[in-house]
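See below for the structure under consideration.
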Amino acid sequence: MSLPLGFTDQPSELLRVEPGFSLAKQPTNVSPGYTGKKSDGVATLTERAPVLAQLQEQLFAESRFGGKKSALLILQAMDTAGKGGIVGRVVGAVDPQGVKLTTFKAPTDEEKAHDFLWRVRPAAPGPGKLGVFDRSHYEDVLIHRVHGWADEAELERRYSAINDFEAELAASGTTVVKIMLNISPEEQLERLSARLHDPTKYWKYSPTDLDERAHWPAYMDAYQKVFEKTSTKTAPWYVVPADKKWYARMSVQEILIKALGGLNLQWPAGDFDLDKERARLDEA
């Protein structure tokens, strides 16, 4: 699959977490593999939307005739990094009937009474669906490590359980794409300030955003551990620089296009006699 104008490398290759990866060494206010300006990137996002939409439609269409393939986009990030923008501007460009969006909040008392994956398994996408997790089961190793709510033994058990779960998804036909939107603390501060100075954005702000911000170094360490423990061949992590919203959206779009494009999706031929149905139509 050829690269769109302005790209020098596939984001799926350039941004994938590989052995030896160090989150601390990753710049956030950059646009690796892209030579264009913001206006070019915004145009590219619009131009490539129909490509992603067609792939998603083919995925959905195949499932109507027995296809078992699906895809799951997992979005993780610090607050204000742009998960909502990815959902709205990238995933929002495809047919919503083929999308299953799940936003994971703090677990309820019922959910706490079960293993951490209990509430996650039913949210996995079925055949033909593009699933999206806005936050995910990774909260149960990130927050719990940062705040000390789980000891090292339990965290190791959860990393292993996550790998097993994602391997099961892959074996059943689900392509798993895991994105960490990597924002700087300086950019986050600007975005939080913008929310508090714009009445149309008050609803996006939560006092807990500042509470969690105070644990920034611990969160970065927790993310590093996640990458080391759970970036696998079947479910790799991609760390996307996110200070530039336009670049993050464009890159995630390309990563999804590459992932779906690798599924060899085809338009179903239908389960009817084409010539007979055309003849009937001519007589109608």
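A note on labels: chains of the structure tokens are A, B, ... as shown, every chain counts residues from 1, and ligands are counted from 1 in their shown order.
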- Message: DSSP on the backbone, alpha helix (DSSP H) only: what residues of stretch 62-228 of chain A does that give? Format it as an MDAnalysis selection string.
- Response: chainID A and resid 62:63 83:85 109:112 139:147 152:171 185:196 207:213 216:228
For the residues in that selection, give me C-alpha atoms as an mmCIF file, in the first residue's frame.
```cif
data_model
loop_
_atom_site.group_PDB
_atom_site.id
_atom_site.type_symbol
_atom_site.label_atom_id
_atom_site.label_comp_id
_atom_site.auth_asym_id
_atom_site.auth_seq_id
_atom_site.Cartn_x
_atom_site.Cartn_y
_atom_site.Cartn_z
ATOM 1 C CA GLU A 62 -17.591 -9.624 4.723
ATOM 2 C CA SER A 63 -19.138 -10.428 8.100
ATOM 3 C CA LYS A 83 -8.247 10.391 22.438
ATOM 4 C CA GLY A 84 -11.578 12.098 21.783
ATOM 5 C CA GLY A 85 -10.178 13.727 18.678
ATOM 6 C CA ASP A 109 -18.885 -2.274 42.685
ATOM 7 C CA GLU A 110 -20.169 -5.190 40.608
ATOM 8 C CA GLU A 111 -17.165 -4.989 38.277
ATOM 9 C CA LYS A 112 -14.766 -4.808 41.213
ATOM 10 C CA GLU A 139 -5.942 1.249 33.304
ATOM 11 C CA ASP A 140 -5.783 -1.759 35.613
ATOM 12 C CA VAL A 141 -2.001 -1.868 35.401
ATOM 13 C CA LEU A 142 -1.264 1.835 34.902
ATOM 14 C CA ILE A 143 -3.296 3.451 37.685
ATOM 15 C CA HIS A 144 -2.804 0.501 40.004
ATOM 16 C CA ARG A 145 0.980 0.715 39.637
ATOM 17 C CA VAL A 146 1.058 4.493 40.073
ATOM 18 C CA HIS A 147 -1.114 4.500 43.189
ATOM 19 C CA GLU A 152 4.220 -6.431 41.905
ATOM 20 C CA ALA A 153 3.030 -10.031 41.852
ATOM 21 C CA GLU A 154 -0.517 -8.998 40.958
ATOM 22 C CA LEU A 155 0.714 -6.590 38.296
ATOM 23 C CA GLU A 156 2.779 -9.360 36.720
ATOM 24 C CA ARG A 157 -0.299 -11.601 36.726
ATOM 25 C CA ARG A 158 -2.272 -8.876 34.971
ATOM 26 C CA TYR A 159 0.385 -8.314 32.296
ATOM 27 C CA SER A 160 0.290 -12.041 31.573
ATOM 28 C CA ALA A 161 -3.518 -12.088 31.546
ATOM 29 C CA ILE A 162 -3.568 -9.147 29.124
ATOM 30 C CA ASN A 163 -1.184 -10.906 26.748
ATOM 31 C CA ASP A 164 -3.296 -14.068 26.877
ATOM 32 C CA PHE A 165 -6.499 -12.092 26.271
ATOM 33 C CA GLU A 166 -5.075 -10.223 23.296
ATOM 34 C CA ALA A 167 -3.633 -13.443 21.868
ATOM 35 C CA GLU A 168 -7.120 -14.946 22.103
ATOM 36 C CA LEU A 169 -8.535 -11.959 20.231
ATOM 37 C CA ALA A 170 -5.930 -12.326 17.494
ATOM 38 C CA ALA A 171 -6.574 -16.066 17.206
ATOM 39 C CA PRO A 185 3.368 17.940 30.447
ATOM 40 C CA GLU A 186 3.812 21.454 29.038
ATOM 41 C CA GLU A 187 1.306 20.858 26.251
ATOM 42 C CA GLN A 188 -1.110 19.254 28.677
ATOM 43 C CA LEU A 189 -0.931 22.334 30.909
ATOM 44 C CA GLU A 190 -1.835 24.551 27.948
ATOM 45 C CA ARG A 191 -4.796 22.362 27.039
ATOM 46 C CA LEU A 192 -6.058 22.244 30.614
ATOM 47 C CA SER A 193 -5.801 26.038 30.777
ATOM 48 C CA ALA A 194 -7.751 26.319 27.520
ATOM 49 C CA ARG A 195 -10.528 24.219 29.013
ATOM 50 C CA LEU A 196 -10.797 26.503 32.016
ATOM 51 C CA PRO A 207 -10.350 18.386 38.972
ATOM 52 C CA THR A 208 -8.890 14.881 38.962
ATOM 53 C CA ASP A 209 -6.933 15.851 35.832
ATOM 54 C CA LEU A 210 -4.626 17.968 37.981
ATOM 55 C CA ASP A 211 -4.530 15.305 40.687
ATOM 56 C CA GLU A 212 -3.230 12.707 38.227
ATOM 57 C CA ARG A 213 -0.877 15.216 36.600
ATOM 58 C CA TRP A 216 3.405 12.336 35.783
ATOM 59 C CA PRO A 217 6.830 10.661 36.279
ATOM 60 C CA ALA A 218 5.178 7.627 37.858
ATOM 61 C CA TYR A 219 2.773 7.339 34.929
ATOM 62 C CA MET A 220 5.624 7.488 32.436
ATOM 63 C CA ASP A 221 7.368 4.692 34.324
ATOM 64 C CA ALA A 222 4.126 2.696 34.341
ATOM 65 C CA TYR A 223 3.710 3.147 30.582
ATOM 66 C CA GLN A 224 7.316 2.044 30.025
ATOM 67 C CA LYS A 225 6.597 -1.129 31.957
ATOM 68 C CA VAL A 226 3.434 -1.709 29.899
ATOM 69 C CA PHE A 227 5.390 -1.465 26.660
ATOM 70 C CA GLU A 228 8.056 -3.847 27.918
#
```
- Quick one: residues within 7 Å of stretch 90-105 of chain A, only C-alpha atoms counted, chain neighbours fewer than 6 positions away excluded, as a ChimeraX atom specification? /A:49,53,56,60,123,125,128-136,249,253
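Taking atom CA of A:Asn29 as the reference point, atom CA of A:Leu181 is found at 11.6 Å.
Take atom CA of A:Ile183 and atom CA of A:Ala77: the distance between them is 7.8 Å.
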